[in-house]
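Remarks on the structure that follows.
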Amino acid sequence: MILSHHRTGIWAFALLFNAWTLSAAADTGSLTIKVNQPGAKISPHFYGLMTEEINHSYDGGLYGELLQNRAFQDNAAAPAHWSAVTSGESAATISLDRTAPVNPSLGASLRLDIASASDKNPAGVANEGYWGVPVNPKTSYKVSFYARSSPGFSGPLTVGIESADGKTTYARAKITGVSSQWKQYTATLKTGPEAPATTAGRFVIVANRPGTIWFSLVSLFPPTYKSRTNGNRIDLMEKLAAMNPGFLRMPGGNYLEGGTIAERFDWKKTIGPVEGRAGHQGPWGYRSTDGMGLLEFLNWCEDLNMQPVLAVYGGYSLGGEYVKPGPDLEPFVQDALDEIEYVTGDKSTKWGAERVRNGHPAPFALTYVEIGNEDGFDRSRSYDGRFTQFYDAIKAKYPKIKLMATDNVKTRTPDLIDHHYYRSATEMARDAAHYDSYSRTAPKVFVGEWASIEGSPTPTFHAALGDAAWLTGLERNADVVEMECYAPLLVNVNPNGRQWSTNLIGYDALTSFGSPSYYVQAMFGANRGDVVLPVEVQVAETHEELPPPSGKIGVGSWRTQAEFKDVQVTQGGRTLYQKDFAGGAADWRAGRGEWKTSGGVLRQSSGDDNCQMVAGDASWTDYTYRLKARKISGDEGFAIMFHCKDADSYLWWNVGGWGNTRTALQESNAGAMYEIGKSSPVTVETGRWYDVRIELQGSHIRCYLDDKLVQEMDDTPPPIPPLYAAASRDLKSGDIIVKAVNITGAPQRLTVTLQGVSQIRPSAESWVLTGQKEDVNSIASPTKAAPVRKTIEGIGSTFTHEFPASSVTVLRIKAKD
């Protein structure tokens, strides 16, 4: 997952397909599929899944555990998500205790001191779950926990699921025999047919007499997919299965790296019994239980018949820590070799035997290993050396494994390189031809993270159109694009459950839904052909009316302290705005960063990423923006913002970016940032004031430093093609699969011609997804935008078909050569 807004994607604008022309005929266009000229093979692993611990994707999401902070390690000062339960005259308190733990991995326990309790007025502890403990009728839940007690207390304890106010009990069971020695206890809770389906439940353990009880690793599991112990949530697994994924990129991107080296996904600490897993701090603001460990990821692959794409820690973490190539890196290289052996080794190997002891005798197939994640952000520029060291060691022992690089490397040639894209729906559609001009001799591509960023917490229907258009381009270029996966995959939609704006599948504790973009992935994944078929399209010409560029002005910095003064905005001979900061900056809106004014200077003094301060009028257009700027200290230079719509949509001139190595224009759209135009080798001197001038006339941009023109470009996007298409063939069945995306607000009536087939069944299966651009699915309306499947008649070697306005269509046609 992209943690930073510094993107280096390049707009590649080429009109579409093997052939694309615009027809003057307004009534009917054409779609020609050259069935007799099959092209590149499409990998059986083309469509896949990428997930990581973000948005409570694992804990509080896919992983079945219902209790939050089950091991009492989320907060060092207090038992977060737990509370004391009392009623009537009963009295009790709870606290954390680090004396005499169950084992070193479970270093903290929950101490319950009951001062008074009775049969009518018990006392105990309650867990709130992940935004509620879900309740379903006629359902069995598995309870387990470790407990010990003070002398003289032996129970009983009552465990149960009840309403959040404690007035209604949905299921309960008794535990006896608690002693002064740690012991694990288990029970089954069964709800009756009268229990409601609700998220407003809580889990409780109560006693009816005074005493002190210590608890550790308190767990509550619902039924799991394929009844796996320590398994996954059924409804989410079923949605993933419906996507027909060919692979799982695991354990994730930033989650693999960690914020620091110590917080990386250390796989050896995630295997074996869960009571031996201490968990670790994740990069997205909350702690991971590590209940979803390496073997659980592999079981997940097995359950959905997917290939694992194993990402191994490559020696770089998000906070900037890295391991130097050479002797320092060697232990991490060995760790990767051990991990591959755990996955693929038989019982005669050290780590294969460990997997057998963990409960999985058979080795797993492994084709792909990725070295690190997004190592282009490593300012030490050490990835080439680190990749080489991993590459040589892994290829020496496992020569058939395909190795993926996450950034450009020179000393070795990776089998694949991982590309990431986050853009608006319009930009994803506009760049659908991105790989048409990609080198056919360069390493193959794994598009390991991408999404149209529109909608929160899940995509809009408009985003789904952009996603579908982009996917047609990836599939048409299957000779270079070997695999793809959308990201992020999962999001808990509750307040504070989300850390990323746009995500594929949403859920709360009880239920889940697929977004419109989810249905695009499911439609395309369920209809994957074996070979690409060339496509030619003719449609009526359309004209996209774009408003003139406009927006506020601003200043920014990235891991750098910087100062700004003498701001002026003019339009022709008229001054629109002027600011010397002598009187403060009350009319400027601050985003991230530490902003203060003093002596007529606006200063940003933090070392944060993406610091911003904005002022002015959103309607400003055709203006000249002048100011003075200087770098005080830090890694980079400064950024000058213009055409600002909001905190996530703007342009900025990044002067001395990328570790103060170059200068370029960048655009942020819905939080996704990428370069536009060419960069210049301009760096920034610390302490020097620069005169900055940006001239904006329509879409034309000129950027000056000290009156020297540094950047000039037209930010005019080409027209967006109205219809995108790809075709493939299932070699086993002979089926011709057509995927078409109409992004316009009018139907597209096309004459479809299938060249080179002699027998065609007159009926075909179709899946059509339509909606309004702003439509979103939700817990309350899970299928507002969902595909409709039906049989269509009148199919032949030539037939006419109308693709609805704003639609994604898949046609599956039965044919023989």
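Simple scheme: letters A, B, ... for chains in structure tokens order, numbers from 1 for residues in each chain, numbers from 1 for ligands in the order shown.
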
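Those residues that approach region 111-122 of chain A to within 9 Å, counting only C-alpha atoms, are Ala84, Val85, Thr86, Ser87, Gly88, Glu89, Ser90, Ala91, Ala92, Thr93, Ile94, Ser95, Leu96, Asp97, Val206, Ala207, Asn208, Arg209, Pro210, Gly211, Thr212, Ile213, Trp214 and Phe215 of chain A; same-chain residues fewer than 6 positions away are not listed.
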
Any chance you could list, as a PyMOL selection string, the residues in region 332-526 of chain A that come up helix (DSSP H, G or I) when DSSP is run on the backbone? chain A and resi 332-344+350-357+375-377+383-397+425-430+434-437+461-476+516-525

Run DSSP on the backbone and grab whatever in region 101-336 of chain A lands in strand (DSSP E); send it over as a ChimeraX atom specification. /A:109-116,123-127,133-135,140-149,157-163,169-175,183-190,198-207,211-221,247-250,280-281,287-288,307-312

Do you know which residues are at most 10 Å from Ser680 (chain A) counting only C-alpha atoms, after dropping those on the same chain fewer than 4 positions away, and could you put them as a ChimeraX atom specification? /A:655-656,661-665,710-711

Output all heavy atoms for every residue in that selection, as a short mmCIF file (atom, residue, chain, number, x, y, z; two decimals), in the first residue's frame.
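The file below, result_35.cif, is the result:
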data_model
loop_
_atom_site.label_atom_id
_atom_site.label_comp_id
_atom_site.auth_asym_id
_atom_site.auth_seq_id
_atom_site.Cartn_x
_atom_site.Cartn_y
_atom_site.Cartn_z
N VAL A 655 9.78 21.32 -6.08
CA VAL A 655 11.11 21.85 -6.37
C VAL A 655 12.12 21.19 -5.43
O VAL A 655 12.07 21.36 -4.22
CB VAL A 655 11.14 23.39 -6.18
CG1 VAL A 655 12.51 23.94 -6.57
CG2 VAL A 655 10.04 24.05 -6.99
N GLY A 656 13.01 20.38 -5.98
CA GLY A 656 13.97 19.64 -5.16
C GLY A 656 13.35 18.44 -4.47
O GLY A 656 13.64 18.17 -3.31
N THR A 661 16.76 15.54 -5.56
CA THR A 661 17.49 15.10 -6.75
C THR A 661 16.94 15.71 -8.03
O THR A 661 17.66 15.77 -9.03
CB THR A 661 17.46 13.58 -6.89
OG1 THR A 661 16.10 13.13 -7.01
CG2 THR A 661 18.10 12.91 -5.68
N ARG A 662 15.67 16.14 -8.03
CA ARG A 662 15.11 16.68 -9.26
C ARG A 662 13.85 17.50 -8.94
O ARG A 662 13.37 17.50 -7.80
CB ARG A 662 14.79 15.57 -10.26
CG ARG A 662 13.86 14.49 -9.77
CD ARG A 662 13.87 13.30 -10.72
NE ARG A 662 13.05 12.19 -10.24
CZ ARG A 662 11.78 12.00 -10.60
NH1 ARG A 662 11.18 12.84 -11.43
NH2 ARG A 662 11.11 10.97 -10.15
N THR A 663 13.33 18.15 -9.97
CA THR A 663 12.18 19.04 -9.84
C THR A 663 11.15 18.65 -10.90
O THR A 663 11.52 18.42 -12.06
CB THR A 663 12.62 20.50 -10.01
OG1 THR A 663 13.43 20.88 -8.89
CG2 THR A 663 11.43 21.44 -10.11
N ALA A 664 9.87 18.58 -10.51
CA ALA A 664 8.84 18.16 -11.47
C ALA A 664 7.48 18.65 -11.02
O ALA A 664 7.26 18.96 -9.85
CB ALA A 664 8.82 16.64 -11.60
N LEU A 665 6.57 18.71 -11.96
CA LEU A 665 5.16 18.97 -11.66
C LEU A 665 4.48 17.66 -11.30
O LEU A 665 4.75 16.61 -11.91
CB LEU A 665 4.47 19.60 -12.88
CG LEU A 665 4.76 21.08 -13.11
CD1 LEU A 665 4.45 21.45 -14.56
CD2 LEU A 665 3.93 21.95 -12.16
N VAL A 710 11.96 26.76 -15.90
CA VAL A 710 12.42 25.41 -15.54
C VAL A 710 11.49 24.34 -16.10
O VAL A 710 11.93 23.30 -16.59
CB VAL A 710 12.55 25.26 -14.01
CG1 VAL A 710 12.94 23.84 -13.62
CG2 VAL A 710 13.55 26.26 -13.45
N GLN A 711 10.17 24.60 -16.02
CA GLN A 711 9.19 23.62 -16.49
C GLN A 711 8.13 24.34 -17.32
O GLN A 711 7.68 25.44 -16.97
CB GLN A 711 8.50 22.92 -15.31
CG GLN A 711 8.70 21.42 -15.26
CD GLN A 711 9.81 21.04 -14.28
OE1 GLN A 711 9.94 21.65 -13.24
NE2 GLN A 711 10.58 20.04 -14.62
#

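With only C-alpha atoms as the atoms that count, the residue of A:Gln748, A:Thr411, A:Gln578, A:Asn69 with the shortest distance to Pro804 (chain A) is A:Gln748.
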
Within 10 Å of region 151-160 of chain A using only C-alpha atoms, minus same-chain residues under 4 positions, as a ChimeraX atom specification: /A:122-126,141,143-144,169-180,186-191,202-213

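Computed from the coordinates, the CA of Ser219 (chain A) to CA of Asn496 (chain A) distance equals 22.4 Å.
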
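The nearest approach to Asp508 (chain A) among the residues A:His56, A:Arg228, A:Arg277, A:Arg423, with only C-alpha atoms taken into account, belongs to A:His56.
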
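Nearest to Glu302 (chain A) of all the residues A:Lys784, A:Ile401, A:Asn503, A:Ala365 is A:Ala365, based on only C-alpha atoms.
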
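All residues of protein, DNA or RNA that reach within 10 Å of Val356 (chain A), judged by only C-alpha atoms and not counting those fewer than 6 positions away in the chain, are A:Tyr342, A:Gly345, A:Asp346, A:Lys347, A:Ala362, A:Pro363.
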
Restrict the selected residues to N, CA, C and O atoms and save them as a CSV table (one decimal), in the first residue's frame.
chain,number,residue,atom,x,y,z
A,342,TYR,N,10.0,-23.3,4.4
A,342,TYR,CA,8.8,-23.5,5.2
A,342,TYR,C,7.6,-23.8,4.2
A,342,TYR,O,6.8,-24.7,4.5
A,345,GLY,N,9.3,-26.9,1.4
A,345,GLY,CA,10.1,-28.0,1.8
A,345,GLY,C,9.3,-29.2,2.3
A,345,GLY,O,8.2,-29.1,2.8
A,346,ASP,N,9.9,-30.4,2.1
A,346,ASP,CA,9.2,-31.6,2.7
A,346,ASP,C,9.7,-31.8,4.1
A,346,ASP,O,10.5,-31.1,4.6
A,347,LYS,N,9.3,-32.9,4.7
A,347,LYS,CA,9.6,-33.2,6.1
A,347,LYS,C,11.1,-33.4,6.4
A,347,LYS,O,11.5,-33.4,7.6
A,362,ALA,N,1.8,-31.5,3.7
A,362,ALA,CA,2.1,-31.4,2.3
A,362,ALA,C,2.8,-30.0,2.0
A,362,ALA,O,2.3,-29.0,2.5
A,363,PRO,N,3.8,-30.0,1.2
A,363,PRO,CA,4.4,-28.7,0.8
A,363,PRO,C,3.4,-27.9,-0.1
A,363,PRO,O,2.5,-28.5,-0.7

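Using only C-alpha atoms, the nearest neighbour of Gly285 (chain A) within the list A:Leu304, A:Ala764, A:Val409, A:Ile54 is A:Ile54.
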
Neighbour list for Tyr391 (chain A) as a PDB file with N, CA, C and O atoms, in the first residue's frame, cut-off 12 Å, only C-alpha atoms, skip fewer than 4 positions in-chain:
ATOM      1  N   VAL A 312       8.841 -11.359   0.603  1.00  0.00           N
ATOM      2  CA  VAL A 312       9.791 -11.529   1.704  1.00  0.00           C
ATOM      3  C   VAL A 312      10.375 -10.168   2.059  1.00  0.00           C
ATOM      4  O   VAL A 312      10.537  -9.291   1.199  1.00  0.00           O
ATOM      5  N   GLY A 314      12.662  -7.286   2.452  1.00  0.00           N
ATOM      6  CA  GLY A 314      13.821  -7.010   1.617  1.00  0.00           C
ATOM      7  C   GLY A 314      14.842  -6.078   2.222  1.00  0.00           C
ATOM      8  O   GLY A 314      15.758  -5.634   1.524  1.00  0.00           O
ATOM      9  N   VAL A 333      18.533 -12.371   4.240  1.00  0.00           N
ATOM     10  CA  VAL A 333      18.508 -13.247   3.069  1.00  0.00           C
ATOM     11  C   VAL A 333      18.286 -14.691   3.515  1.00  0.00           C
ATOM     12  O   VAL A 333      17.475 -15.423   2.931  1.00  0.00           O
ATOM     13  N   GLN A 334      18.995 -15.096   4.564  1.00  0.00           N
ATOM     14  CA  GLN A 334      18.811 -16.452   5.077  1.00  0.00           C
ATOM     15  C   GLN A 334      17.392 -16.653   5.583  1.00  0.00           C
ATOM     16  O   GLN A 334      16.798 -17.727   5.416  1.00  0.00           O
ATOM     17  N   ALA A 336      14.743 -15.280   4.394  1.00  0.00           N
ATOM     18  CA  ALA A 336      13.907 -15.487   3.219  1.00  0.00           C
ATOM     19  C   ALA A 336      14.046 -16.916   2.694  1.00  0.00           C
ATOM     20  O   ALA A 336      13.058 -17.558   2.300  1.00  0.00           O
ATOM     21  N   LEU A 337      15.259 -17.439   2.681  1.00  0.00           N
ATOM     22  CA  LEU A 337      15.460 -18.826   2.249  1.00  0.00           C
ATOM     23  C   LEU A 337      14.740 -19.791   3.185  1.00  0.00           C
ATOM     24  O   LEU A 337      14.136 -20.786   2.737  1.00  0.00           O
ATOM     25  N   VAL A 369       8.132 -15.091  -5.887  1.00  0.00           N
ATOM     26  CA  VAL A 369       8.617 -14.467  -4.654  1.00  0.00           C
ATOM     27  C   VAL A 369       8.943 -13.013  -4.971  1.00  0.00           C
ATOM     28  O   VAL A 369       9.661 -12.724  -5.939  1.00  0.00           O
ATOM     29  N   GLU A 370       8.410 -12.102  -4.161  1.00  0.00           N
ATOM     30  CA  GLU A 370       8.661 -10.671  -4.329  1.00  0.00           C
ATOM     31  C   GLU A 370       9.634 -10.199  -3.260  1.00  0.00           C
ATOM     32  O   GLU A 370       9.465 -10.506  -2.079  1.00  0.00           O
ATOM     33  N   ILE A 371      10.637  -9.429  -3.675  1.00  0.00           N
ATOM     34  CA  ILE A 371      11.668  -8.955  -2.753  1.00  0.00           C
ATOM     35  C   ILE A 371      11.307  -7.544  -2.295  1.00  0.00           C
ATOM     36  O   ILE A 371      11.475  -6.576  -3.025  1.00  0.00           O
ATOM     37  N   GLY A 372      10.766  -7.440  -1.077  1.00  0.00           N
ATOM     38  CA  GLY A 372      10.438  -6.142  -0.515  1.00  0.00           C
ATOM     39  C   GLY A 372       9.114  -5.599  -0.990  1.00  0.00           C
ATOM     40  O   GLY A 372       8.253  -6.324  -1.514  1.00  0.00           O
ATOM     41  N   TYR A 383      18.381  -0.402  -2.972  1.00  0.00           N
ATOM     42  CA  TYR A 383      17.600  -1.564  -3.407  1.00  0.00           C
ATOM     43  C   TYR A 383      18.326  -2.410  -4.436  1.00  0.00           C
ATOM     44  O   TYR A 383      18.243  -3.643  -4.401  1.00  0.00           O
ATOM     45  N   ASP A 384      19.038  -1.777  -5.343  1.00  0.00           N
ATOM     46  CA  ASP A 384      19.740  -2.556  -6.373  1.00  0.00           C
ATOM     47  C   ASP A 384      20.667  -3.577  -5.717  1.00  0.00           C
ATOM     48  O   ASP A 384      20.676  -4.766  -6.076  1.00  0.00           O
ATOM     49  N   GLY A 385      21.431  -3.138  -4.738  1.00  0.00           N
ATOM     50  CA  GLY A 385      22.330  -4.054  -4.048  1.00  0.00           C
ATOM     51  C   GLY A 385      21.604  -5.074  -3.220  1.00  0.00           C
ATOM     52  O   GLY A 385      22.001  -6.251  -3.166  1.00  0.00           O
ATOM     53  N   ARG A 386      20.534  -4.651  -2.551  1.00  0.00           N
ATOM     54  CA  ARG A 386      19.779  -5.593  -1.725  1.00  0.00           C
ATOM     55  C   ARG A 386      19.090  -6.634  -2.597  1.00  0.00           C
ATOM     56  O   ARG A 386      19.123  -7.835  -2.292  1.00  0.00           O
ATOM     57  N   PHE A 387      18.466  -6.195  -3.703  1.00  0.00           N
ATOM     58  CA  PHE A 387      17.798  -7.140  -4.599  1.00  0.00           C
ATOM     59  C   PHE A 387      18.793  -8.150  -5.149  1.00  0.00           C
ATOM     60  O   PHE A 387      18.502  -9.355  -5.219  1.00  0.00           O
ATOM     61  N   LYS A 395      17.938 -17.704  -6.341  1.00  0.00           N
ATOM     62  CA  LYS A 395      18.068 -18.405  -7.621  1.00  0.00           C
ATOM     63  C   LYS A 395      19.031 -19.586  -7.511  1.00  0.00           C
ATOM     64  O   LYS A 395      18.837 -20.610  -8.183  1.00  0.00           O
ATOM     65  N   ALA A 396      20.037 -19.465  -6.649  1.00  0.00           N
ATOM     66  CA  ALA A 396      20.992 -20.562  -6.493  1.00  0.00           C
ATOM     67  C   ALA A 396      20.318 -21.799  -5.919  1.00  0.00           C
ATOM     68  O   ALA A 396      20.634 -22.935  -6.296  1.00  0.00           O
ATOM     69  N   LYS A 397      19.371 -21.600  -5.021  1.00  0.00           N
ATOM     70  CA  LYS A 397      18.717 -22.737  -4.371  1.00  0.00           C
ATOM     71  C   LYS A 397      17.397 -23.100  -5.037  1.00  0.00           C
ATOM     72  O   LYS A 397      17.002 -24.275  -5.053  1.00  0.00           O
ATOM     73  N   TYR A 398      16.720 -22.084  -5.587  1.00  0.00           N
ATOM     74  CA  TYR A 398      15.401 -22.302  -6.196  1.00  0.00           C
ATOM     75  C   TYR A 398      15.383 -21.647  -7.579  1.00  0.00           C
ATOM     76  O   TYR A 398      14.741 -20.611  -7.788  1.00  0.00           O
ATOM     77  N   PRO A 399      16.045 -22.224  -8.551  1.00  0.00           N
ATOM     78  CA  PRO A 399      16.202 -21.562  -9.858  1.00  0.00           C
ATOM     79  C   PRO A 399      14.898 -21.373 -10.613  1.00  0.00           C
ATOM     80  O   PRO A 399      14.820 -20.492 -11.477  1.00  0.00           O
ATOM     81  N   LYS A 400      13.881 -22.158 -10.316  1.00  0.00           N
ATOM     82  CA  LYS A 400      12.625 -22.053 -11.064  1.00  0.00           C
ATOM     83  C   LYS A 400      11.682 -20.996 -10.505  1.00  0.00           C
ATOM     84  O   LYS A 400      10.698 -20.634 -11.151  1.00  0.00           O
ATOM     85  N   ILE A 401      11.958 -20.508  -9.312  1.00  0.00           N
ATOM     86  CA  ILE A 401      11.098 -19.484  -8.735  1.00  0.00           C
ATOM     87  C   ILE A 401      11.286 -18.174  -9.494  1.00  0.00           C
ATOM     88  O   ILE A 401      12.400 -17.757  -9.777  1.00  0.00           O
ATOM     89  N   LYS A 402      10.169 -17.517  -9.810  1.00  0.00           N
ATOM     90  CA  LYS A 402      10.216 -16.217 -10.468  1.00  0.00           C
ATOM     91  C   LYS A 402      10.333 -15.135  -9.402  1.00  0.00           C
ATOM     92  O   LYS A 402       9.540 -15.097  -8.458  1.00  0.00           O
ATOM     93  N   LEU A 403      11.316 -14.260  -9.578  1.00  0.00           N
ATOM     94  CA  LEU A 403      11.578 -13.218  -8.592  1.00  0.00           C
ATOM     95  C   LEU A 403      11.098 -11.870  -9.106  1.00  0.00           C
ATOM     96  O   LEU A 403      11.352 -11.497 -10.256  1.00  0.00           O
ATOM     97  N   MET A 404      10.423 -11.150  -8.220  1.00  0.00           N
ATOM     98  CA  MET A 404       9.852  -9.849  -8.548  1.00  0.00           C
ATOM     99  C   MET A 404      10.629  -8.744  -7.862  1.00  0.00           C
ATOM    100  O   MET A 404      10.949  -8.848  -6.679  1.00  0.00           O
ATOM    101  N   ALA A 405      10.874  -7.674  -8.603  1.00  0.00           N
ATOM    102  CA  ALA A 405      11.469  -6.463  -8.046  1.00  0.00           C
ATOM    103  C   ALA A 405      10.379  -5.427  -7.834  1.00  0.00           C
ATOM    104  O   ALA A 405       9.387  -5.388  -8.573  1.00  0.00           O
ATOM    105  N   VAL A 409      15.992  -2.060 -11.173  1.00  0.00           N
ATOM    106  CA  VAL A 409      17.313  -2.543 -10.770  1.00  0.00           C
ATOM    107  C   VAL A 409      18.169  -2.710 -12.028  1.00  0.00           C
ATOM    108  O   VAL A 409      17.659  -2.906 -13.130  1.00  0.00           O
ATOM    109  N   THR A 411      21.679  -4.384 -11.802  1.00  0.00           N
ATOM    110  CA  THR A 411      22.703  -5.429 -11.760  1.00  0.00           C
ATOM    111  C   THR A 411      22.150  -6.825 -12.010  1.00  0.00           C
ATOM    112  O   THR A 411      22.911  -7.745 -12.298  1.00  0.00           O
ATOM    113  N   ARG A 412      20.846  -7.008 -11.835  1.00  0.00           N
ATOM    114  CA  ARG A 412      20.201  -8.279 -12.149  1.00  0.00           C
ATOM    115  C   ARG A 412      18.909  -7.989 -12.898  1.00  0.00           C
ATOM    116  O   ARG A 412      18.339  -6.909 -12.777  1.00  0.00           O
ATOM    117  N   THR A 413      18.444  -8.965 -13.645  1.00  0.00           N
ATOM    118  CA  THR A 413      17.193  -8.807 -14.391  1.00  0.00           C
ATOM    119  C   THR A 413      16.097  -9.596 -13.686  1.00  0.00           C
ATOM    120  O   THR A 413      16.120 -10.834 -13.684  1.00  0.00           O
ATOM    121  N   PRO A 414      15.143  -8.925 -13.076  1.00  0.00           N
ATOM    122  CA  PRO A 414      14.062  -9.648 -12.400  1.00  0.00           C
ATOM    123  C   PRO A 414      13.153 -10.331 -13.415  1.00  0.00           C
ATOM    124  O   PRO A 414      13.094  -9.938 -14.588  1.00  0.00           O
ATOM    125  N   ASP A 415      12.448 -11.339 -12.947  1.00  0.00           N
ATOM    126  CA  ASP A 415      11.470 -11.997 -13.818  1.00  0.00           C
ATOM    127  C   ASP A 415      10.245 -11.111 -14.026  1.00  0.00           C
ATOM    128  O   ASP A 415       9.643 -11.119 -15.094  1.00  0.00           O
TER     129      ASP A 415
END
